[in-house]
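K.L.:
Before we start, here is the structure in question, set down as structure tokens.
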There are 2 protein chains.
Amino acid sequence: MITNSRVAYQQHDHLRCQNAALQQARTLCVREKVRLTPIREAVLCMIWQSHRPLGAYKLIDQLSEAGGKRMLPPTVYRALDFLLGLGLIHRIATLNAFIGCPFPGSPHSDVFLVCRLCGSAAECSVDTVNSAIVATAQRAGFQIESQAVEVTGLCPLCRDGS
Amino acid sequence: MITNSRVAYQQHDHLRCQNAALQQARTLCVREKVRLTPIREAVLCMIWQSHRPLGAYKLIDQLSEAGGKRMLPPTVYRALDFLLGLGLIHRIATLNAFIGCPFPGSPHSDVFLVCRLCGSAAECSVDTVNSAIVATAQRAGFQIESQAVEVTGLCPLCRDGS
DNA sequence: CCAATTTGTGCAACAATATAACATTTCATC
DNA sequence: GATGAAATGTTATATTGTTGCACAAATTGG
């Protein structure tokens, strides 16, 4: 199992995450021969700054404030689509929100553990879950294209009332 | 594994499904000492008639047409909340749509196989998926309250180009 | 049965999320 | 620099979901 659940639930150096993510993104974009434009980079950074699932309109507000210029929905949604396409971010359907992918590039099926109280979302890549889903689809004759596994509940910290 | 994947992908007697679901709903409401009002019943029926995930506003349109009177969003959303609470229907987060639960009452974790082309959504209750998710959450110290496992792709029929 | 209370519905406005359509600019390449 | 493709700007609109309050209907407890 690959997971960021430790780090997701604790205070840590966000800036470090952000920089690491940005570096990975740049590398990936070079490899894929696509352009990480200023807008796209700004969106990715803002998502990593939040470090929890961020709604598109919150993103717009924060980018507008940070950039000094009002950013409009289509601009941001286009950047989001770009980043989603590269696997640099994920969309959490149950929250209508976006979060940075801690291990882009590595092919993985994701389980998100979304805390109802603090809003954190840890990402786990679990072979057992994945293979169980694949087996299920196979038995039904269903051809998988993508999947969303989103678990809602209480993270370790909120559960202990902290 | 419990699943309705056979029936979900084939033509069959929808009216039969609808009636069975309605009967189950009545029984459940009696047991839970809650009221299956005409509106709630109408919403449940309409969802079963569609037999695939149905968006709230499509539901509103169809109910308005069928009932002769314009139904407004809050009315329908309240009925949906009621039905969701009883487990009589599910919400598919990736589609913003609702579908009838073929086995309400039986505690189950659901896997939905959602076809990108025809819009069908088969529901499977798979122990292996469920236990893998539970184990994952446990390792992370996460307390599960609900979960959404939604697989998107091609159903057997659409895959074969039919 | 009646009053009190809870529960459900009608209605108007609005909030949040996402996309369409088309003009304009920027960029890579020739 | 001219050209075509990719990205962005801009306006408008579509889709999904909620709030708040007034009214009605059902349930409960005398």
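Residues are referred to by chain and number: the chain letter is A, B, ... according to the order shown in the structure tokens, the number counts from 1 in that chain, and ligands are numbered separately from 1 in the order shown.
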Return the neighbours of chain A among the residues of chain D, cut-off 10 Å, counting only C-alpha atoms (C1' of nucleotides), as number ranges by chain.

P.N.:
D: 6-10

K.L.:
How close does chain B get to chain A? List, as CSV, each residue of chain B within 10 Å, its nearest atom pair and the distance in Å to one decimal, counting only C-alpha atoms.

P.N.:
residue,atom,partner,partner_atom,distance
B:Met1,CA,A:Thr136,CA,8.7
B:Thr3,CA,A:Ala140,CA,9.0
B:Asn4,CA,A:Ala140,CA,9.6
B:Ser5,CA,A:Ala140,CA,6.4
B:Arg6,CA,A:Ala140,CA,7.7
B:Tyr9,CA,A:Ala140,CA,9.8
B:Arg91,CA,A:Thr94,CA,9.7
B:Ile92,CA,A:Thr94,CA,8.8
B:Ala93,CA,A:Thr94,CA,5.4
B:Thr94,CA,A:Ala93,CA,5.4
B:Leu95,CA,A:Ala93,CA,8.6
B:Asn96,CA,A:Ala93,CA,8.9
B:Val111,CA,A:Ile133,CA,8.0
B:Phe112,CA,A:Ala137,CA,9.6
B:Leu113,CA,A:Phe142,CA,7.3
B:Val114,CA,A:Phe142,CA,9.0
B:Cys115,CA,A:Phe142,CA,8.4
B:Arg116,CA,A:Glu145,CA,9.0
B:Ala122,CA,A:Ala140,CA,8.9
B:Cys124,CA,A:Thr136,CA,8.0
B:Ser125,CA,A:Thr136,CA,9.4
B:Val126,CA,A:Thr136,CA,7.5
B:Asp127,CA,A:Ala132,CA,8.8
B:Thr128,CA,A:Ala132,CA,5.7
B:Val129,CA,A:Ala132,CA,5.2
B:Asn130,CA,A:Val129,CA,8.0
B:Ser131,CA,A:Val129,CA,8.4
B:Ala132,CA,A:Val129,CA,5.2
B:Ile133,CA,A:Val129,CA,6.3
B:Val134,CA,A:Val151,CA,9.6
B:Ala135,CA,A:Thr128,CA,9.5
B:Thr136,CA,A:Val126,CA,7.5
B:Ala137,CA,A:Leu113,CA,7.3
B:Gln138,CA,A:Pro156,CA,9.8
B:Arg139,CA,A:Ser5,CA,9.5
B:Ala140,CA,A:Ser5,CA,6.3
B:Gly141,CA,A:Pro156,CA,5.1
B:Phe142,CA,A:Cys155,CA,4.7
B:Gln143,CA,A:Leu154,CA,5.0
B:Ile144,CA,A:Gly153,CA,4.5
B:Glu145,CA,A:Gly153,CA,4.5
B:Ser146,CA,A:Thr152,CA,5.2
B:Gln147,CA,A:Val151,CA,4.2
B:Ala148,CA,A:Glu150,CA,5.1
B:Val149,CA,A:Val149,CA,4.4
B:Glu150,CA,A:Ala148,CA,5.1
B:Val151,CA,A:Gln147,CA,4.3
B:Thr152,CA,A:Ser146,CA,5.2
B:Gly153,CA,A:Glu145,CA,4.5
B:Leu154,CA,A:Gln143,CA,5.0
B:Cys155,CA,A:Phe142,CA,4.8
B:Pro156,CA,A:Gly141,CA,5.1
B:Leu157,CA,A:Gly141,CA,8.9
B:Cys158,CA,A:Phe142,CA,9.4
B:Arg159,CA,A:Gln143,CA,7.3

K.L.:
DSSP on the backbone: what in chain A comes out helix (DSSP H, G or I), as a ChimeraX atom specification?

P.N.:
/A:5-8,14-32,38-50,56-67,73-86,127-140,156-159

K.L.:
Enumerate, as an NGL selection string, the complete set of residues in chain B that a backbone-based DSSP assignment places in strand (DSSP E or B).

P.N.:
:B and (2-3 or 54-55 or 89-92 or 97-100 or 110-115 or 121-125 or 143-154)

K.L.:
Find the residues of chain C in contact range of chain A, meaning any atom within 10 Å when counting only C-alpha atoms (C1' of nucleotides), and list them as a PyMOL selection string.

P.N.:
chain C and resi 16-19
